[in-house]
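**Student:** Provided herewith: input10.cif, mmCIF, C-alpha atoms; chains and numbers go by the auth columns.
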data_structure
#
loop_
_atom_site.group_PDB
_atom_site.id
_atom_site.type_symbol
_atom_site.label_atom_id
_atom_site.label_comp_id
_atom_site.label_asym_id
_atom_site.label_seq_id
_atom_site.Cartn_x
_atom_site.Cartn_y
_atom_site.Cartn_z
_atom_site.B_iso_or_equiv
_atom_site.auth_seq_id
_atom_site.auth_asym_id
ATOM 1 C CA MET A 1 -28.237 65.054 22.702 0.00 1 A
ATOM 2 C CA ARG A 2 -25.811 67.325 24.567 0.00 2 A
ATOM 3 C CA PHE A 3 -23.191 66.754 21.893 0.00 3 A
ATOM 4 C CA CYS A 4 -25.751 67.596 19.193 0.00 4 A
ATOM 5 C CA ARG A 5 -26.718 70.819 20.920 0.00 5 A
ATOM 6 C CA ARG A 6 -23.083 71.874 21.168 0.00 6 A
ATOM 7 C CA MET A 7 -22.444 71.009 17.545 0.00 7 A
ATOM 8 C CA CYS A 8 -25.475 73.095 16.576 0.00 8 A
ATOM 9 C CA SER A 9 -24.071 76.027 18.545 0.00 9 A
ATOM 10 C CA MET A 10 -20.707 75.721 16.803 0.00 10 A
ATOM 11 C CA SER A 11 -22.438 75.388 13.422 0.00 11 A
ATOM 12 C CA ALA A 12 -24.406 78.552 14.098 0.00 12 A
ATOM 13 C CA GLY A 13 -21.154 80.358 14.835 0.00 13 A
ATOM 14 C CA MET A 14 -19.594 79.146 11.604 0.00 14 A
ATOM 15 C CA MET A 15 -22.666 80.274 9.682 0.00 15 A
ATOM 16 C CA MET A 16 -22.247 83.746 11.173 0.00 16 A
ATOM 17 C CA CYS A 17 -18.617 83.763 9.971 0.00 17 A
ATOM 18 C CA VAL A 18 -19.650 82.771 6.461 0.00 18 A
ATOM 19 C CA ALA A 19 -22.394 85.373 6.393 0.00 19 A
ATOM 20 C CA LEU A 20 -19.952 88.072 7.498 0.00 20 A
ATOM 21 C CA PHE A 21 -17.489 87.205 4.742 0.00 21 A
ATOM 22 C CA LEU A 22 -20.203 86.994 2.107 0.00 22 A
ATOM 23 C CA HIS A 23 -21.354 90.451 3.085 0.00 23 A
ATOM 24 C CA CYS A 24 -17.834 91.812 2.742 0.00 24 A
ATOM 25 C CA ILE A 25 -17.288 90.031 -0.579 0.00 25 A
ATOM 26 C CA SER A 26 -20.557 91.383 -1.965 0.00 26 A
ATOM 27 C CA ALA A 27 -19.374 94.862 -1.057 0.00 27 A
ATOM 28 C CA SER A 28 -16.397 94.410 -3.387 0.00 28 A
ATOM 29 C CA SER A 29 -18.714 94.205 -6.398 0.00 29 A
ATOM 30 C CA GLN A 30 -20.135 97.664 -5.760 0.00 30 A
ATOM 31 C CA GLU A 31 -18.999 100.856 -7.409 0.00 31 A
ATOM 32 C CA ARG A 32 -16.367 103.038 -5.840 0.00 32 A
ATOM 33 C CA LYS A 33 -17.638 105.391 -3.134 0.00 33 A
ATOM 34 C CA VAL A 34 -16.201 108.268 -1.149 0.00 34 A
ATOM 35 C CA GLU A 35 -14.021 106.792 1.587 0.00 35 A
ATOM 36 C CA ASN A 36 -14.592 107.761 5.216 0.00 36 A
ATOM 37 C CA ARG A 37 -11.422 108.410 7.226 0.00 37 A
ATOM 38 C CA PRO A 38 -9.087 107.486 4.319 0.00 38 A
ATOM 39 C CA TYR A 39 -5.876 107.821 6.361 0.00 39 A
ATOM 40 C CA THR A 40 -6.937 106.028 9.538 0.00 40 A
ATOM 41 C CA ASP A 41 -5.046 102.816 8.677 0.00 41 A
ATOM 42 C CA LEU A 42 -1.790 104.726 8.185 0.00 42 A
ATOM 43 C CA ARG A 43 -1.463 105.458 11.910 0.00 43 A
ATOM 44 C CA VAL A 44 1.529 103.685 13.450 0.00 44 A
ATOM 45 C CA PHE A 45 -0.301 103.169 16.750 0.00 45 A
ATOM 46 C CA HIS A 46 -3.820 103.882 17.972 0.00 46 A
ATOM 47 C CA PHE A 47 -6.167 103.131 20.883 0.00 47 A
ATOM 48 C CA GLY A 48 -9.768 102.031 21.162 0.00 48 A
ATOM 49 C CA VAL A 49 -12.372 100.289 23.300 0.00 49 A
ATOM 50 C CA VAL A 50 -14.113 96.928 22.985 0.00 50 A
ATOM 51 C CA VAL A 51 -17.447 95.599 24.238 0.00 51 A
ATOM 52 C CA GLY A 52 -19.154 92.337 23.410 0.00 52 A
ATOM 53 C CA ALA A 53 -20.872 89.126 24.449 0.00 53 A
ATOM 54 C CA HIS A 54 -19.682 85.551 24.614 0.00 54 A
ATOM 55 C CA LEU A 55 -20.740 81.961 25.276 0.00 55 A
ATOM 56 C CA GLN A 56 -18.765 79.859 27.777 0.00 56 A
ATOM 57 C CA ASP A 57 -18.404 76.096 28.016 0.00 57 A
ATOM 58 C CA LEU A 58 -16.307 73.557 29.921 0.00 58 A
ATOM 59 C CA GLU A 59 -15.046 70.247 28.559 0.00 59 A
ATOM 60 C CA LEU A 60 -15.097 68.042 31.678 0.00 60 A
ATOM 61 C CA ASN A 61 -13.407 64.645 31.895 0.00 61 A
ATOM 62 C CA ASN A 62 -15.367 62.450 34.335 0.00 62 A
ATOM 63 C CA ILE A 63 -13.318 60.031 36.439 0.00 63 A
ATOM 64 C CA GLY A 64 -15.957 57.333 36.899 0.00 64 A
ATOM 65 C CA PRO A 65 -16.160 55.077 39.974 0.00 65 A
ATOM 66 C CA VAL A 66 -13.806 56.136 42.792 0.00 66 A
ATOM 67 C CA THR A 67 -13.156 54.822 46.294 0.00 67 A
ATOM 68 C CA LEU A 68 -13.386 57.469 49.010 0.00 68 A
ATOM 69 C CA THR A 69 -12.973 57.534 52.782 0.00 69 A
ATOM 70 C CA ASP A 70 -15.506 59.201 55.075 0.00 70 A
ATOM 71 C CA ALA A 71 -14.826 61.083 58.317 0.00 71 A
ATOM 72 C CA GLU A 72 -14.959 57.847 60.339 0.00 72 A
ATOM 73 C CA GLY A 73 -12.353 56.122 58.197 0.00 73 A
ATOM 74 C CA ASN A 74 -14.780 53.881 56.304 0.00 74 A
ATOM 75 C CA SER A 75 -14.239 53.338 52.586 0.00 75 A
ATOM 76 C CA TYR A 76 -17.084 53.578 50.085 0.00 76 A
ATOM 77 C CA GLU A 77 -17.502 53.713 46.317 0.00 77 A
ATOM 78 C CA SER A 78 -18.775 56.849 44.625 0.00 78 A
ATOM 79 C CA LEU A 79 -19.954 57.432 41.061 0.00 79 A
ATOM 80 C CA VAL A 80 -20.814 61.019 40.178 0.00 80 A
ATOM 81 C CA THR A 81 -20.788 62.510 36.681 0.00 81 A
ATOM 82 C CA VAL A 82 -20.710 66.226 35.890 0.00 82 A
ATOM 83 C CA ASP A 83 -21.356 68.218 32.754 0.00 83 A
ATOM 84 C CA GLN A 84 -22.063 71.741 31.605 0.00 84 A
ATOM 85 C CA ASP A 85 -24.964 70.824 29.370 0.00 85 A
ATOM 86 C CA ARG A 86 -25.375 74.194 27.660 0.00 86 A
ATOM 87 C CA TRP A 87 -23.412 77.198 26.455 0.00 87 A
ATOM 88 C CA ASP A 88 -23.800 79.937 29.100 0.00 88 A
ATOM 89 C CA PRO A 89 -23.760 83.617 28.087 0.00 89 A
ATOM 90 C CA GLY A 90 -21.526 86.368 29.406 0.00 90 A
ATOM 91 C CA PHE A 91 -20.079 89.714 28.350 0.00 91 A
ATOM 92 C CA GLN A 92 -16.704 91.411 28.070 0.00 92 A
ATOM 93 C CA VAL A 93 -15.324 94.963 28.138 0.00 93 A
ATOM 94 C CA GLY A 94 -11.830 96.267 27.561 0.00 94 A
ATOM 95 C CA VAL A 95 -9.443 98.701 25.901 0.00 95 A
ATOM 96 C CA LEU A 96 -6.994 98.140 23.071 0.00 96 A
ATOM 97 C CA GLY A 97 -3.804 99.370 21.524 0.00 97 A
ATOM 98 C CA GLU A 98 -2.935 98.419 17.949 0.00 98 A
ATOM 99 C CA LEU A 99 0.474 98.638 16.247 0.00 99 A
ATOM 100 C CA ARG A 100 0.681 98.779 12.455 0.00 100 A
ATOM 101 C CA LEU A 101 3.312 96.314 11.226 0.00 101 A
ATOM 102 C CA SER A 102 2.742 96.622 7.471 0.00 102 A
ATOM 103 C CA THR A 103 0.020 97.298 4.919 0.00 103 A
ATOM 104 C CA HIS A 104 -1.801 94.074 5.797 0.00 104 A
ATOM 105 C CA PHE A 105 -0.479 93.064 9.244 0.00 105 A
ATOM 106 C CA ALA A 106 -1.089 94.571 12.689 0.00 106 A
ATOM 107 C CA LEU A 107 -0.431 93.602 16.305 0.00 107 A
ATOM 108 C CA ARG A 108 -3.220 94.224 18.823 0.00 108 A
ATOM 109 C CA LEU A 109 -3.033 94.161 22.632 0.00 109 A
ATOM 110 C CA ALA A 110 -6.371 94.376 24.441 0.00 110 A
ATOM 111 C CA PRO A 111 -6.645 94.145 28.253 0.00 111 A
ATOM 112 C CA THR A 112 -10.163 92.751 28.735 0.00 112 A
ATOM 113 C CA MET A 113 -12.469 91.549 31.510 0.00 113 A
ATOM 114 C CA TYR A 114 -14.816 88.598 30.867 0.00 114 A
ATOM 115 C CA PHE A 115 -17.881 88.134 33.106 0.00 115 A
ATOM 116 C CA GLY A 116 -19.945 84.940 33.094 0.00 116 A
ATOM 117 C CA THR A 117 -21.481 82.029 34.992 0.00 117 A
ATOM 118 C CA ARG A 118 -21.293 78.358 34.078 0.00 118 A
ATOM 119 C CA HIS A 119 -24.143 76.072 35.165 0.00 119 A
ATOM 120 C CA LEU A 120 -22.897 72.583 36.116 0.00 120 A
ATOM 121 C CA THR A 121 -25.120 69.534 36.660 0.00 121 A
ATOM 122 C CA PHE A 122 -23.958 66.604 38.817 0.00 122 A
ATOM 123 C CA LEU A 123 -25.603 63.148 38.703 0.00 123 A
ATOM 124 C CA ASN A 124 -25.009 60.882 41.702 0.00 124 A
ATOM 125 C CA HIS A 125 -25.462 57.346 40.387 0.00 125 A
ATOM 126 C CA LYS A 126 -25.103 55.810 43.863 0.00 126 A
ATOM 127 C CA LYS A 127 -28.023 57.783 45.298 0.00 127 A
ATOM 128 C CA LEU A 128 -31.216 57.155 43.345 0.00 128 A
ATOM 129 C CA THR A 129 -34.619 58.808 43.486 0.00 129 A
ATOM 130 C CA ASP A 130 -37.852 56.906 44.062 0.00 130 A
ATOM 131 C CA GLU A 131 -38.121 56.582 40.257 0.00 131 A
ATOM 132 C CA GLY A 132 -34.697 54.929 40.092 0.00 132 A
ATOM 133 C CA LEU A 133 -32.960 57.948 38.560 0.00 133 A
ATOM 134 C CA PRO A 134 -29.672 59.488 39.758 0.00 134 A
ATOM 135 C CA THR A 135 -30.074 62.384 42.165 0.00 135 A
ATOM 136 C CA GLU A 136 -29.060 65.776 40.823 0.00 136 A
ATOM 137 C CA ALA A 137 -26.975 68.579 42.268 0.00 137 A
ATOM 138 C CA ARG A 138 -26.190 71.873 40.605 0.00 138 A
ATOM 139 C CA GLN A 139 -23.513 74.508 40.844 0.00 139 A
ATOM 140 C CA ASN A 140 -23.301 78.025 39.419 0.00 140 A
ATOM 141 C CA LEU A 141 -19.613 78.413 38.686 0.00 141 A
ATOM 142 C CA LYS A 142 -19.109 82.154 38.413 0.00 142 A
ATOM 143 C CA SER A 143 -16.068 83.465 36.572 0.00 143 A
ATOM 144 C CA VAL A 144 -14.480 86.871 36.160 0.00 144 A
ATOM 145 C CA TYR A 145 -11.434 86.683 33.928 0.00 145 A
ATOM 146 C CA VAL A 146 -8.913 89.494 33.585 0.00 146 A
ATOM 147 C CA GLY A 147 -6.810 88.891 30.502 0.00 147 A
ATOM 148 C CA CYS A 148 -4.615 90.563 27.926 0.00 148 A
ATOM 149 C CA VAL A 149 -5.457 89.603 24.356 0.00 149 A
ATOM 150 C CA ALA A 150 -2.422 89.442 22.046 0.00 150 A
ATOM 151 C CA ASP A 151 -3.572 89.128 18.418 0.00 151 A
ATOM 152 C CA VAL A 152 -1.961 89.237 15.003 0.00 152 A
ATOM 153 C CA ILE A 153 -4.333 90.633 12.358 0.00 153 A
ATOM 154 C CA PHE A 154 -4.100 89.985 8.627 0.00 154 A
ATOM 155 C CA ALA A 155 -6.404 92.332 6.699 0.00 155 A
ATOM 156 C CA ALA A 156 -7.373 92.372 3.042 0.00 156 A
ATOM 157 C CA LYS A 157 -7.121 95.468 0.883 0.00 157 A
ATOM 158 C CA ARG A 158 -9.676 98.116 1.747 0.00 158 A
ATOM 159 C CA PHE A 159 -12.538 98.637 -0.704 0.00 159 A
ATOM 160 C CA ASN A 160 -14.815 101.621 -0.170 0.00 160 A
ATOM 161 C CA ASN A 161 -15.632 101.560 3.553 0.00 161 A
ATOM 162 C CA HIS A 162 -15.118 97.832 4.242 0.00 162 A
ATOM 163 C CA ARG A 163 -12.072 95.711 4.991 0.00 163 A
ATOM 164 C CA PRO A 164 -12.345 92.020 6.025 0.00 164 A
ATOM 165 C CA TYR A 165 -9.623 90.362 8.075 0.00 165 A
ATOM 166 C CA VAL A 166 -8.630 87.195 9.947 0.00 166 A
ATOM 167 C CA VAL A 167 -7.068 87.176 13.409 0.00 167 A
ATOM 168 C CA ALA A 168 -5.206 84.687 15.620 0.00 168 A
ATOM 169 C CA GLY A 169 -3.542 84.988 18.995 0.00 169 A
ATOM 170 C CA VAL A 170 -3.273 84.001 22.647 0.00 170 A
ATOM 171 C CA THR A 171 -4.957 85.329 25.789 0.00 171 A
ATOM 172 C CA PRO A 172 -3.466 84.674 29.249 0.00 172 A
ATOM 173 C CA VAL A 173 -6.094 85.243 31.956 0.00 173 A
ATOM 174 C CA LEU A 174 -6.468 85.413 35.729 0.00 174 A
ATOM 175 C CA ASN A 175 -9.618 84.044 37.374 0.00 175 A
ATOM 176 C CA LEU A 176 -10.806 86.306 40.209 0.00 176 A
ATOM 177 C CA THR A 177 -13.856 84.417 41.516 0.00 177 A
ATOM 178 C CA SER A 178 -12.906 80.955 42.803 0.00 178 A
ATOM 179 C CA ARG A 179 -14.879 80.026 45.935 0.00 179 A
ATOM 180 C CA ASP A 180 -13.923 77.464 48.598 0.00 180 A
ATOM 181 C CA ASN A 181 -17.488 76.157 49.048 0.00 181 A
ATOM 182 C CA ASP A 182 -17.987 75.117 45.403 0.00 182 A
ATOM 183 C CA TYR A 183 -18.044 71.469 44.330 0.00 183 A
ATOM 184 C CA LEU A 184 -15.513 72.222 41.601 0.00 184 A
ATOM 185 C CA ARG A 185 -13.063 75.072 41.521 0.00 185 A
ATOM 186 C CA LEU A 186 -10.983 76.454 38.666 0.00 186 A
ATOM 187 C CA ASN A 187 -7.346 77.471 38.800 0.00 187 A
ATOM 188 C CA LYS A 188 -6.366 81.085 39.240 0.00 188 A
ATOM 189 C CA SER A 189 -4.755 81.248 35.788 0.00 189 A
ATOM 190 C CA ASP A 190 -5.339 79.903 32.296 0.00 190 A
ATOM 191 C CA ILE A 191 -4.328 80.666 28.721 0.00 191 A
ATOM 192 C CA PHE A 192 -6.471 80.581 25.586 0.00 192 A
ATOM 193 C CA ALA A 193 -5.564 80.163 21.936 0.00 193 A
ATOM 194 C CA SER A 194 -7.917 81.981 19.592 0.00 194 A
ATOM 195 C CA VAL A 195 -8.806 82.363 15.931 0.00 195 A
ATOM 196 C CA GLY A 196 -11.475 84.521 14.353 0.00 196 A
ATOM 197 C CA VAL A 197 -12.731 86.714 11.536 0.00 197 A
ATOM 198 C CA GLY A 198 -13.970 90.279 11.358 0.00 198 A
ATOM 199 C CA CYS A 199 -14.582 93.247 9.130 0.00 199 A
ATOM 200 C CA ASP A 200 -13.708 96.927 9.438 0.00 200 A
ATOM 201 C CA PHE A 201 -16.500 99.419 8.782 0.00 201 A
ATOM 202 C CA TYR A 202 -15.224 102.943 8.224 0.00 202 A
ATOM 203 C CA LEU A 203 -17.820 105.371 9.572 0.00 203 A
ATOM 204 C CA PRO A 204 -17.582 109.162 9.367 0.00 204 A
ATOM 205 C CA PHE A 205 -16.310 109.637 12.934 0.00 205 A
ATOM 206 C CA PHE A 206 -14.762 106.287 13.909 0.00 206 A
ATOM 207 C CA LYS A 207 -14.005 102.764 12.692 0.00 207 A
ATOM 208 C CA LEU A 208 -16.326 99.980 13.841 0.00 208 A
ATOM 209 C CA ARG A 209 -14.918 96.465 13.874 0.00 209 A
ATOM 210 C CA PRO A 210 -17.300 93.543 14.620 0.00 210 A
ATOM 211 C CA GLU A 211 -15.364 90.337 15.225 0.00 211 A
ATOM 212 C CA LEU A 212 -16.300 86.703 15.870 0.00 212 A
ATOM 213 C CA LYS A 213 -13.635 84.666 17.675 0.00 213 A
ATOM 214 C CA PHE A 214 -13.291 81.088 18.955 0.00 214 A
ATOM 215 C CA MET A 215 -11.175 80.662 22.116 0.00 215 A
ATOM 216 C CA TYR A 216 -9.922 77.339 23.527 0.00 216 A
ATOM 217 C CA GLY A 217 -8.076 76.786 26.813 0.00 217 A
ATOM 218 C CA LEU A 218 -4.610 75.254 26.488 0.00 218 A
ATOM 219 C CA THR A 219 -4.245 74.078 30.097 0.00 219 A
ATOM 220 C CA ASN A 220 -6.150 71.910 32.558 0.00 220 A
ATOM 221 C CA SER A 221 -8.048 74.665 34.359 0.00 221 A
ATOM 222 C CA LEU A 222 -9.422 72.433 37.159 0.00 222 A
ATOM 223 C CA ASP A 223 -8.029 72.983 40.662 0.00 223 A
ATOM 224 C CA LYS A 224 -7.110 69.351 41.455 0.00 224 A
ATOM 225 C CA GLY A 225 -6.247 70.107 45.086 0.00 225 A
ATOM 226 C CA HIS A 226 -9.639 71.595 45.894 0.00 226 A
ATOM 227 C CA ALA A 227 -11.183 68.285 47.064 0.00 227 A
ATOM 228 C CA SER A 228 -8.546 67.833 49.790 0.00 228 A
ATOM 229 C CA ARG A 229 -9.374 71.261 51.243 0.00 229 A
ATOM 230 C CA LEU A 230 -13.131 70.730 51.575 0.00 230 A
ATOM 231 C CA LYS A 231 -14.513 70.759 55.116 0.00 231 A
ATOM 232 C CA SER A 232 -17.818 69.062 54.291 0.00 232 A
ATOM 233 C CA PRO A 233 -17.467 65.303 53.571 0.00 233 A
ATOM 234 C CA GLU A 234 -20.815 65.319 51.716 0.00 234 A
ATOM 235 C CA MET A 235 -19.203 67.439 48.997 0.00 235 A
ATOM 236 C CA LEU A 236 -16.297 65.055 48.400 0.00 236 A
ATOM 237 C CA PRO A 237 -18.007 62.726 45.845 0.00 237 A
ATOM 238 C CA TYR A 238 -18.923 65.731 43.711 0.00 238 A
ATOM 239 C CA ALA A 239 -15.476 67.345 44.017 0.00 239 A
ATOM 240 C CA CYS A 240 -13.885 64.048 42.860 0.00 240 A
ATOM 241 C CA SER A 241 -16.176 63.602 39.850 0.00 241 A
ATOM 242 C CA ALA A 242 -13.737 65.068 37.275 0.00 242 A
ATOM 243 C CA ASP A 243 -9.965 65.345 36.916 0.00 243 A
ATOM 244 C CA ARG A 244 -9.538 67.555 33.842 0.00 244 A
ATOM 245 C CA THR A 245 -11.357 70.410 32.203 0.00 245 A
ATOM 246 C CA ARG A 246 -10.779 72.771 29.282 0.00 246 A
ATOM 247 C CA SER A 247 -12.437 76.150 28.981 0.00 247 A
ATOM 248 C CA LYS A 248 -13.992 77.323 25.706 0.00 248 A
ATOM 249 C CA MET A 249 -15.531 80.599 24.612 0.00 249 A
ATOM 250 C CA VAL A 250 -17.175 81.955 21.477 0.00 250 A
ATOM 251 C CA CYS A 251 -16.885 85.753 21.523 0.00 251 A
ATOM 252 C CA LEU A 252 -18.673 88.396 19.483 0.00 252 A
ATOM 253 C CA SER A 253 -16.851 91.677 20.035 0.00 253 A
ATOM 254 C CA PHE A 254 -17.303 95.233 18.767 0.00 254 A
ATOM 255 C CA TYR A 255 -14.174 97.370 18.566 0.00 255 A
ATOM 256 C CA PHE A 256 -14.483 101.167 18.388 0.00 256 A
ATOM 257 C CA GLU A 257 -11.307 102.772 17.069 0.00 257 A
#
If you convert what's in this file into structure tokens, what do you get?
**Tutor:**
Amino acid sequence: MRFCRRMCSMSAGMMMCVALFLHCISASSQERKVENRPYTDLRVFHFGVVVGAHLQDLELNNIGPVTLTDAEGNSYESLVTVDQDRWDPGFQVGVLGELRLSTHFALRLAPTMYFGTRHLTFLNHKKLTDEGLPTEARQNLKSVYVGCVADVIFAAKRFNNHRPYVVAGVTPVLNLTSRDNDYLRLNKSDIFASVGVGCDFYLPFFKLRPELKFMYGLTNSLDKGHASRLKSPEMLPYACSADRTRSKMVCLSFYFE
């Protein structure tokens, strides 16, 4: 069921991409109109701002049964599973600088901050409730990423006041909100690969650029040494529940240039 929900979320994102392109394609069948800001794309370099919302997810690899040692030196077996069973929302803000490389290509750098919280659910299969179900524990894994988006943009030819494009790039980030008392903790740094689509809308006073982008973490973002630094032995089974994780985001951004 969790897999189905995630697939539905990804399908909804793809449908938004298709709808955006269909809108831009339908615009190409219209008659010629007066162009707003006809020389704006001839600038060698320009600045702008970006705001938007995103959905965050973690791909967690559960270890399975593990043998642990308590404070008295006794060994015991633990079996705890963890999952982020939903896409959690967040938002981002930033600034951008864009360099024109050619008629169709541009390089964009956008220092951006991403704010969000991931809700993790732990199931302890060695401690059961009266109904025989695993006991649950939860963690709100807050994240504030500071990153610099580096994108290459390939844009189609402008028609009237619309111009669709595709974009791909990388985003190195720093995580500012790791806490020592969490069950799981993420590393201080990560890097995302991204791909997306968008469309330029040339308005009378500025250019608006809505963009939908998929971002996937390239590194294991889990702090594997966090369990050894915990002071509470009750937290150890939960801290040892996973050994790898990949961060994912689906971002809807609005660029004002």
**Student:** Got a sec to resolve the PyMOL selection byres ((chain A and resi 144) around 8) on this structure and send the residues as a ChimeraX atom specification?
**Tutor:** /A:113-116,142-143,145-146,175-177
**Student:** Given the selection you just returned, output its residues as a file containing C-alpha atoms, formatted as a tab-separated table (two decimals), keeping the file's coordinate frame.
**Tutor:**
chain	number	residue	atom	x	y	z
A	113	MET	CA	-12.47	91.55	31.51
A	114	TYR	CA	-14.82	88.60	30.87
A	115	PHE	CA	-17.88	88.13	33.11
A	116	GLY	CA	-19.94	84.94	33.09
A	142	LYS	CA	-19.11	82.15	38.41
A	143	SER	CA	-16.07	83.46	36.57
A	145	TYR	CA	-11.43	86.68	33.93
A	146	VAL	CA	-8.91	89.49	33.58
A	175	ASN	CA	-9.62	84.04	37.37
A	176	LEU	CA	-10.81	86.31	40.21
A	177	THR	CA	-13.86	84.42	41.52
**Student:** Using all atoms listed in the file, which of A:Glu35, A:Glu234, A:Glu59, A:Glu211 sits nearest A:Val197?
**Tutor:**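 Once distances to A:Val197 are computed over all atoms listed in the file, the minimum belongs to A:Glu211.
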**Student:** So what does the PyMOL selection byres ((chain A and resi 185) around 10) actually pick up in this one, as JSON, numbers by chain?
**Tutor:** {"A": [141, 142, 177, 178, 179, 180, 181, 182, 183, 184, 186, 187, 188, 221, 222, 223, 224, 225, 226, 227, 239]}
**Student:** Can you translate the PyMOL selection byres ((chain A and resi 218) around 9) into the concrete residues it hits in this file, as a PyMOL selection string?
**Tutor:** chain A and resi 190-193+216-217+219-221+246-247
**Student:** Extract, using all atoms listed in the file, all DNA, RNA and protein residues at most 6 Å from A:Val80, discarding same-chain residues fewer than 5 positions from it, and format them as a VMD selection string.
**Tutor:** chain A and resid 123 to 125 241
**Student:** I'd like to know which of A:Arg100, A:Lys213, A:His54, A:His119 is closest to A:Asp85, using only C-alpha atoms.
**Tutor:** A:His119
**Student:** Need to verify the contact set: A:Phe254, 10 Å, only C-alpha atoms, exclusion of same-chain residues closer than 6 positions in sequence. Can you return it as a list in words?
**Tutor:**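 Residues near the query, excluding close chain neighbours: Val49, Val50, Val51, Gly52, Ala53, Val93, Gly198, Leu208, Arg209, Pro210, Glu211 and Leu212 of chain A.
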**Student:** Pick from A:Ala242, A:Pro233, A:Val167, A:Phe256: nearest to A:Leu68, with only C-alpha atoms counted?
**Tutor:**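 Closest to A:Leu68, using only C-alpha atoms: A:Pro233.
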**Student:** Just to confirm, what's the straight-line distance from atom CA of A:Thr67 to atom CA of A:Leu133 in Å (one decimal)?
**Tutor:**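 Calculated distance between atom CA of A:Thr67 and atom CA of A:Leu133 is 21.5 Å.
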**Student:** Could you tell me which of A:Ser253, A:Thr245, A:Pro172, A:Arg43 comes closest to A:Thr103 if we count all atoms listed in the file?
**Tutor:** A:Arg43
**Student:** What's the separation between atom CA of A:Val152 and atom CA of A:Phe201, in Å to one decimal place?
**Tutor:**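 About the pair atom CA of A:Val152 and atom CA of A:Phe201: they are 18.8 Å apart.
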**Student:** Please determine, counting only C-alpha atoms, which residue among A:Lys127, A:Lys207, A:Lys248, A:Tyr255 has the shortest atom-to-atom distance to A:Glu77.
**Tutor:** A:Lys127
**Student:** Select, from A:Phe205, A:Thr121, A:Phe45, A:Thr129, the residue with the minimum atom-to-atom distance to A:Ser102, counting all atoms listed in the file.
**Tutor:** A:Phe45
**Student:** What does the distance from atom CA of A:Tyr165 to atom CA of A:Val44 come to in Å, to one decimal?
**Tutor:** 18.2 Å
**Student:** Can you list, as a ChimeraX atom specification, every protein, DNA or RNA residue that comes within 6 Å of A:Pro111 when you count only C-alpha atoms, leaving out same-chain residues fewer than 6 positions away?
**Tutor:** /A:94-95,147-148
**Student:** With 4 Å on each side, where is the centre of the axis-aligned box around all listed atoms of stretch 97-109 of chain A, and how long are its edges in Å to one decimal, as AutoDock Vina command-line options?
**Tutor:**
--center_x -0.2 --center_y 96.2 --center_z 13.8 --size_x 15.1 --size_y 14.3 --size_z 25.7
**Student:** Determine, counting only C-alpha atoms, every residue of protein, DNA or RNA that lies within 6 Å of (-24.4, 68.6, 37.4) in the file coordinates, then give the result as a ChimeraX atom specification.
**Tutor:** /A:82-83,120-123,137-138
